[in-house]
Amino acid sequence: MDAIERYRPKLPGPVWERIGADCRRAVAKAKPGTPKEARDWLGALAYAAAHADACGQSTRAEQLLTPEAIEWYLATGYLHADESSRSNRRCRLNKLRRALLGPDLITGDPAAYTCSDPSRPYTKPEQAQLYAAARAQPTDELRYGSLILLALGLGCGLDSPEIIPLRTHDVREASNGAVAVSVRGQRKRIVLCRNAWAPVLTEATAWASRPGQARYLFRPASHARGTNTVTNFLARAKRTPGTPALVMGRARATWLVDAVEARMYLPTLMAAAGLTTLRSIDRILPHVRNLPPGQAAAMLREL
């Protein structure tokens, strides 16, 4: 296809000379349906290959298009872009992967997912924005409901299915003075809330509680407990311009990333998060900051 041969990305000439032939080969083998699709695929692959080349990694297309390699590139080589641009780049690379390598499952294509990034943690400024937006909600229900979600997600690492069935008496003071949450369901466990979010959780729990009544912690006035309880609530909450959307998956990922960066022992982390496999940990690793070389070397020597 002429579009493949004519395409030239805005990369330094020596870089394109090193990676261009394999990028063109891979896109041609994937058989794009239109010239535009060829340019879209080739552009996305070219910049992923250029980043791998700069990092001393393999630039072969088949290795750049694995799900892990795509997420690594987006997390380390395209983090400066906004979320919509990152989602667009992810979609193009994933489409190229399926066209070049075939479906991810031998039984057929897997279920389609959105191009959002639920494993990307919230930055500290974003967390501050979410907290300010929760405090600015126009009603007590929206205000305290938002605060409960933030405290349980960012402070305890809980996701929506664990939040929905909680009662107010599931939040209590632990023997060491921390605020503890008794999680129900299949991943039953006790989680201690992080100190920064413990006062928020205590305040919101006090608002939801009534003496002598076993009330739900989240949306205590509603007795309907469906899988969309959290998403329906978030759809009604008021969005402040410039504030990121509250996604419980991202809140839990933030908690996990902070725990890993704090060097929490892996068995302790897995027990607190209710994990039985490392799959969730694997998904957040591209977002975990590494140690500086000197500090890493000292840690390795002291093992």
# chains A, B, ... in the order shown; residues from 1 in each chain; ligands from 1

call {"tool": "select_by_dssp", "arguments": {"residues": "range 100-269 of chain A", "states": "alpha helix (DSSP H)", "output": "PyMOL selection string"}}
result
chain A and resi 100-101+124-135+140-154+160-163+198-208+229-236+248-261+266-269

call {"tool": "residues_around", "arguments": {"residues": "range 179-196 of chain A", "least_positions_apart": "2", "cutoff": "9 Å", "atoms": "only C-alpha atoms", "output": "compact mmCIF listing (two decimals) with all heavy atoms, in the first residue's frame"}}
result
# COMPACT_ATOMS: atom_id res chain seq x y z
N ALA A 151 -12.78 7.97 50.93
CA ALA A 151 -12.10 7.39 52.08
C ALA A 151 -11.94 5.88 51.93
O ALA A 151 -10.89 5.33 52.29
CB ALA A 151 -12.88 7.71 53.36
N LEU A 152 -12.95 5.21 51.40
CA LEU A 152 -12.86 3.76 51.25
C LEU A 152 -11.99 3.36 50.06
O LEU A 152 -11.32 2.32 50.10
CB LEU A 152 -14.27 3.17 51.08
CG LEU A 152 -15.18 3.26 52.30
CD1 LEU A 152 -16.56 2.73 51.97
CD2 LEU A 152 -14.59 2.49 53.48
N LEU A 154 -9.45 5.51 48.35
CA LEU A 154 -8.08 5.99 48.51
C LEU A 154 -7.49 5.63 49.86
O LEU A 154 -6.27 5.50 49.99
CB LEU A 154 -8.04 7.51 48.31
CG LEU A 154 -8.43 8.01 46.92
CD1 LEU A 154 -8.54 9.54 46.92
CD2 LEU A 154 -7.43 7.55 45.86
N GLY A 155 -8.34 5.49 50.87
CA GLY A 155 -7.85 5.21 52.21
C GLY A 155 -7.79 3.74 52.58
O GLY A 155 -7.01 3.34 53.44
N CYS A 156 -8.63 2.92 51.93
CA CYS A 156 -8.72 1.49 52.28
C CYS A 156 -8.50 0.55 51.10
O CYS A 156 -8.40 -0.66 51.30
CB CYS A 156 -10.08 1.19 52.92
SG CYS A 156 -10.47 2.18 54.37
N GLY A 157 -8.49 1.07 49.90
CA GLY A 157 -8.28 0.22 48.73
C GLY A 157 -9.46 -0.66 48.39
O GLY A 157 -9.29 -1.71 47.78
N LEU A 158 -10.68 -0.25 48.73
CA LEU A 158 -11.86 -1.06 48.43
C LEU A 158 -12.41 -0.69 47.05
O LEU A 158 -12.29 0.45 46.60
CB LEU A 158 -12.96 -0.85 49.48
CG LEU A 158 -12.60 -1.13 50.94
CD1 LEU A 158 -13.85 -1.12 51.80
CD2 LEU A 158 -11.86 -2.45 51.09
N PRO A 161 -17.88 -3.36 44.54
CA PRO A 161 -18.61 -4.50 45.12
C PRO A 161 -18.38 -4.67 46.62
O PRO A 161 -19.23 -5.23 47.31
CB PRO A 161 -18.06 -5.70 44.34
CG PRO A 161 -17.59 -5.13 43.05
CD PRO A 161 -17.04 -3.79 43.41
N GLU A 162 -17.23 -4.18 47.13
CA GLU A 162 -16.97 -4.27 48.56
C GLU A 162 -17.60 -3.12 49.34
O GLU A 162 -17.89 -3.26 50.53
CB GLU A 162 -15.46 -4.30 48.80
CG GLU A 162 -14.78 -5.54 48.24
CD GLU A 162 -13.27 -5.50 48.35
OE1 GLU A 162 -12.70 -4.39 48.30
OE2 GLU A 162 -12.66 -6.56 48.49
N ILE A 163 -17.81 -2.00 48.68
CA ILE A 163 -18.38 -0.83 49.33
C ILE A 163 -19.89 -0.96 49.50
O ILE A 163 -20.44 -0.59 50.54
CB ILE A 163 -18.02 0.44 48.54
CG1 ILE A 163 -16.52 0.71 48.62
CG2 ILE A 163 -18.82 1.65 49.02
CD1 ILE A 163 -16.04 1.82 47.70
N PRO A 165 -22.17 -3.35 50.13
CA PRO A 165 -22.86 -4.02 51.25
C PRO A 165 -22.44 -3.56 52.64
O PRO A 165 -23.00 -4.03 53.64
CB PRO A 165 -22.48 -5.49 51.04
CG PRO A 165 -21.14 -5.45 50.40
CD PRO A 165 -21.14 -4.21 49.53
N LEU A 166 -21.49 -2.64 52.76
CA LEU A 166 -21.00 -2.24 54.08
C LEU A 166 -22.09 -1.59 54.92
O LEU A 166 -22.91 -0.81 54.41
CB LEU A 166 -19.83 -1.28 53.94
CG LEU A 166 -18.47 -1.85 53.51
CD1 LEU A 166 -17.47 -0.72 53.33
CD2 LEU A 166 -17.96 -2.87 54.52
N HIS A 169 -21.83 -0.09 61.17
CA HIS A 169 -21.11 -0.72 62.28
C HIS A 169 -19.92 -1.56 61.79
O HIS A 169 -19.19 -2.13 62.61
CB HIS A 169 -22.05 -1.59 63.13
CG HIS A 169 -22.70 -2.71 62.37
ND1 HIS A 169 -23.97 -2.60 61.85
CD2 HIS A 169 -22.26 -3.95 62.04
CE1 HIS A 169 -24.28 -3.74 61.23
NE2 HIS A 169 -23.26 -4.56 61.33
N ASP A 170 -19.72 -1.63 60.46
CA ASP A 170 -18.52 -2.29 59.95
C ASP A 170 -17.30 -1.39 60.07
O ASP A 170 -16.17 -1.85 59.85
CB ASP A 170 -18.71 -2.68 58.48
CG ASP A 170 -19.73 -3.80 58.30
OD1 ASP A 170 -19.84 -4.63 59.21
OD2 ASP A 170 -20.41 -3.82 57.25
N VAL A 171 -17.51 -0.12 60.39
CA VAL A 171 -16.40 0.82 60.62
C VAL A 171 -16.29 1.05 62.12
O VAL A 171 -17.25 1.48 62.76
CB VAL A 171 -16.66 2.16 59.89
CG1 VAL A 171 -15.51 3.13 60.15
CG2 VAL A 171 -16.83 1.93 58.39
N ARG A 172 -15.15 0.75 62.68
CA ARG A 172 -14.96 0.90 64.12
C ARG A 172 -13.50 1.15 64.44
O ARG A 172 -12.63 0.98 63.57
CB ARG A 172 -15.45 -0.35 64.85
CG ARG A 172 -14.84 -1.66 64.37
CD ARG A 172 -15.49 -2.84 65.05
NE ARG A 172 -14.94 -4.12 64.64
CZ ARG A 172 -15.35 -4.80 63.58
NH1 ARG A 172 -16.32 -4.31 62.83
NH2 ARG A 172 -14.80 -5.95 63.27
N GLU A 173 -13.23 1.51 65.66
CA GLU A 173 -11.85 1.77 66.08
C GLU A 173 -11.15 0.47 66.43
O GLU A 173 -11.68 -0.36 67.17
CB GLU A 173 -11.83 2.72 67.27
CG GLU A 173 -10.42 3.13 67.70
CD GLU A 173 -10.42 4.15 68.82
OE1 GLU A 173 -11.48 4.77 69.06
OE2 GLU A 173 -9.37 4.32 69.46
N ALA A 174 -9.95 0.29 65.89
CA ALA A 174 -9.16 -0.90 66.18
C ALA A 174 -8.44 -0.73 67.51
O ALA A 174 -8.41 0.35 68.10
CB ALA A 174 -8.16 -1.16 65.05
N ASN A 176 -5.40 -0.58 68.14
CA ASN A 176 -4.24 0.33 68.09
C ASN A 176 -4.65 1.77 67.81
O ASN A 176 -3.80 2.62 67.55
CB ASN A 176 -3.25 -0.15 67.02
CG ASN A 176 -3.86 -0.18 65.63
OD1 ASN A 176 -5.04 0.13 65.44
ND2 ASN A 176 -3.06 -0.56 64.64
N GLY A 177 -5.95 2.04 67.83
CA GLY A 177 -6.44 3.40 67.62
C GLY A 177 -6.75 3.74 66.18
O GLY A 177 -7.27 4.83 65.90
N ALA A 198 -8.59 8.63 57.54
CA ALA A 198 -9.35 8.12 58.68
C ALA A 198 -10.34 9.15 59.25
O ALA A 198 -11.51 8.80 59.52
CB ALA A 198 -8.39 7.63 59.77
N PRO A 199 -9.96 10.42 59.44
CA PRO A 199 -10.94 11.41 59.95
C PRO A 199 -12.12 11.59 58.99
O PRO A 199 -13.26 11.80 59.44
CB PRO A 199 -10.13 12.69 60.09
CG PRO A 199 -8.71 12.25 60.18
CD PRO A 199 -8.62 11.03 59.32
N VAL A 200 -11.86 11.54 57.69
CA VAL A 200 -12.94 11.68 56.71
C VAL A 200 -13.91 10.52 56.82
O VAL A 200 -15.14 10.69 56.81
CB VAL A 200 -12.36 11.77 55.28
CG1 VAL A 200 -13.48 11.86 54.25
CG2 VAL A 200 -11.42 12.96 55.16
N LEU A 201 -13.39 9.30 56.97
CA LEU A 201 -14.24 8.12 57.08
C LEU A 201 -15.04 8.16 58.38
O LEU A 201 -16.23 7.82 58.39
CB LEU A 201 -13.38 6.85 57.01
CG LEU A 201 -14.14 5.53 57.08
CD1 LEU A 201 -15.19 5.44 55.98
CD2 LEU A 201 -13.16 4.36 56.97
N THR A 202 -14.41 8.58 59.45
CA THR A 202 -15.11 8.67 60.73
C THR A 202 -16.25 9.69 60.67
O THR A 202 -17.36 9.45 61.14
CB THR A 202 -14.12 9.06 61.84
OG1 THR A 202 -13.10 8.06 61.93
CG2 THR A 202 -14.82 9.17 63.18
N ALA A 271 -2.88 -9.54 51.67
CA ALA A 271 -3.93 -9.79 52.66
C ALA A 271 -4.81 -8.57 52.84
O ALA A 271 -6.05 -8.68 52.91
CB ALA A 271 -3.29 -10.20 54.00
N ALA A 272 -4.22 -7.38 52.91
CA ALA A 272 -5.00 -6.15 53.09
C ALA A 272 -5.86 -5.85 51.88
O ALA A 272 -6.98 -5.34 52.02
CB ALA A 272 -4.06 -4.98 53.37
N ALA A 273 -5.38 -6.18 50.69
CA ALA A 273 -6.12 -5.90 49.45
C ALA A 273 -7.10 -7.02 49.10
O ALA A 273 -7.88 -6.87 48.16
CB ALA A 273 -5.15 -5.69 48.30
N GLY A 274 -7.03 -8.14 49.81
CA GLY A 274 -7.92 -9.26 49.50
C GLY A 274 -7.53 -9.98 48.23
O GLY A 274 -8.39 -10.50 47.52
N LEU A 275 -6.25 -10.04 47.93
CA LEU A 275 -5.77 -10.64 46.69
C LEU A 275 -5.32 -12.08 46.93
O LEU A 275 -4.74 -12.39 47.96
CB LEU A 275 -4.60 -9.84 46.12
CG LEU A 275 -4.87 -8.38 45.75
CD1 LEU A 275 -3.59 -7.71 45.29
CD2 LEU A 275 -5.94 -8.29 44.67

call {"tool": "closest_residue", "arguments": {"among": "A:Gly294, A:Pro67, A:Gly77, A:Gly43", "to": "Asn94 in chain A", "atoms": "only C-alpha atoms"}}
result
A:Pro67

call {"tool": "select_by_dssp", "arguments": {"residues": "range 23-247 of chain A", "states": "strand (DSSP E)", "output": "PyMOL selection string"}}
result
chain A and resi 171-173+179-183+189-192

call {"tool": "closest_residue", "arguments": {"among": "A:Leu45, A:Ala253, A:Leu266, A:Leu93", "to": "Thr59 in chain A", "atoms": "only C-alpha atoms"}}
result
A:Leu45

call {"tool": "residues_around", "arguments": {"residues": "Arg25 in chain A", "least_positions_apart": "4", "cutoff": "10 Å", "atoms": "only C-alpha atoms", "output": "ChimeraX atom specification"}}
result
/A:4-5,20-21,29-30,42,61

call {"tool": "atom_distance", "arguments": {"atom1": "CA of Leu74 in chain A", "atom2": "CA of Arg86 in chain A"}}
result
6.8 Å

call {"tool": "residues_around", "arguments": {"residues": "Gln63 in chain A", "least_positions_apart": "6", "cutoff": "12 Å", "atoms": "only C-alpha atoms", "output": "PDB file with C-alpha atoms, in the first residue's frame"}}
result
ATOM      1  CA  ASP A  22      10.205  -3.256  10.656  1.00  0.00           C
ATOM      2  CA  CYS A  23       7.308  -0.860  11.322  1.00  0.00           C
ATOM      3  CA  ALA A  26       4.397  -5.182  10.475  1.00  0.00           C
ATOM      4  CA  LEU A  45       3.769   1.860  16.151  1.00  0.00           C
ATOM      5  CA  ALA A  48       6.239   3.200  20.400  1.00  0.00           C
ATOM      6  CA  ALA A  49       9.270   1.785  18.588  1.00  0.00           C
ATOM      7  CA  ALA A  52      11.752   1.486  22.930  1.00  0.00           C
ATOM      8  CA  GLN A  57      14.654  -2.151  24.301  1.00  0.00           C
ATOM      9  CA  ALA A  69       4.453  -3.604  26.267  1.00  0.00           C
ATOM     10  CA  ILE A  70       1.674  -1.245  25.188  1.00  0.00           C
ATOM     11  CA  TRP A  72       4.641   0.147  29.493  1.00  0.00           C
ATOM     12  CA  TYR A  73       4.977   2.524  26.542  1.00  0.00           C
ATOM     13  CA  LEU A  93      -1.982  -0.248  19.059  1.00  0.00           C
ATOM     14  CA  ARG A  97      -1.954  -6.153  17.621  1.00  0.00           C
ATOM     15  CA  LEU A 100      -1.049  -8.684  13.205  1.00  0.00           C
ATOM     16  CA  LEU A 101      -1.037 -11.360  15.908  1.00  0.00           C
TER      17      LEU A 101
END

call {"tool": "atom_distance", "arguments": {"atom1": "CA of Pro138 in chain A", "atom2": "CA of Glu83 in chain A"}}
result
27.8 Å

call {"tool": "atom_distance", "arguments": {"atom1": "CA of Arg225 in chain A", "atom2": "CA of Ile164 in chain A"}}
result
6.6 Å
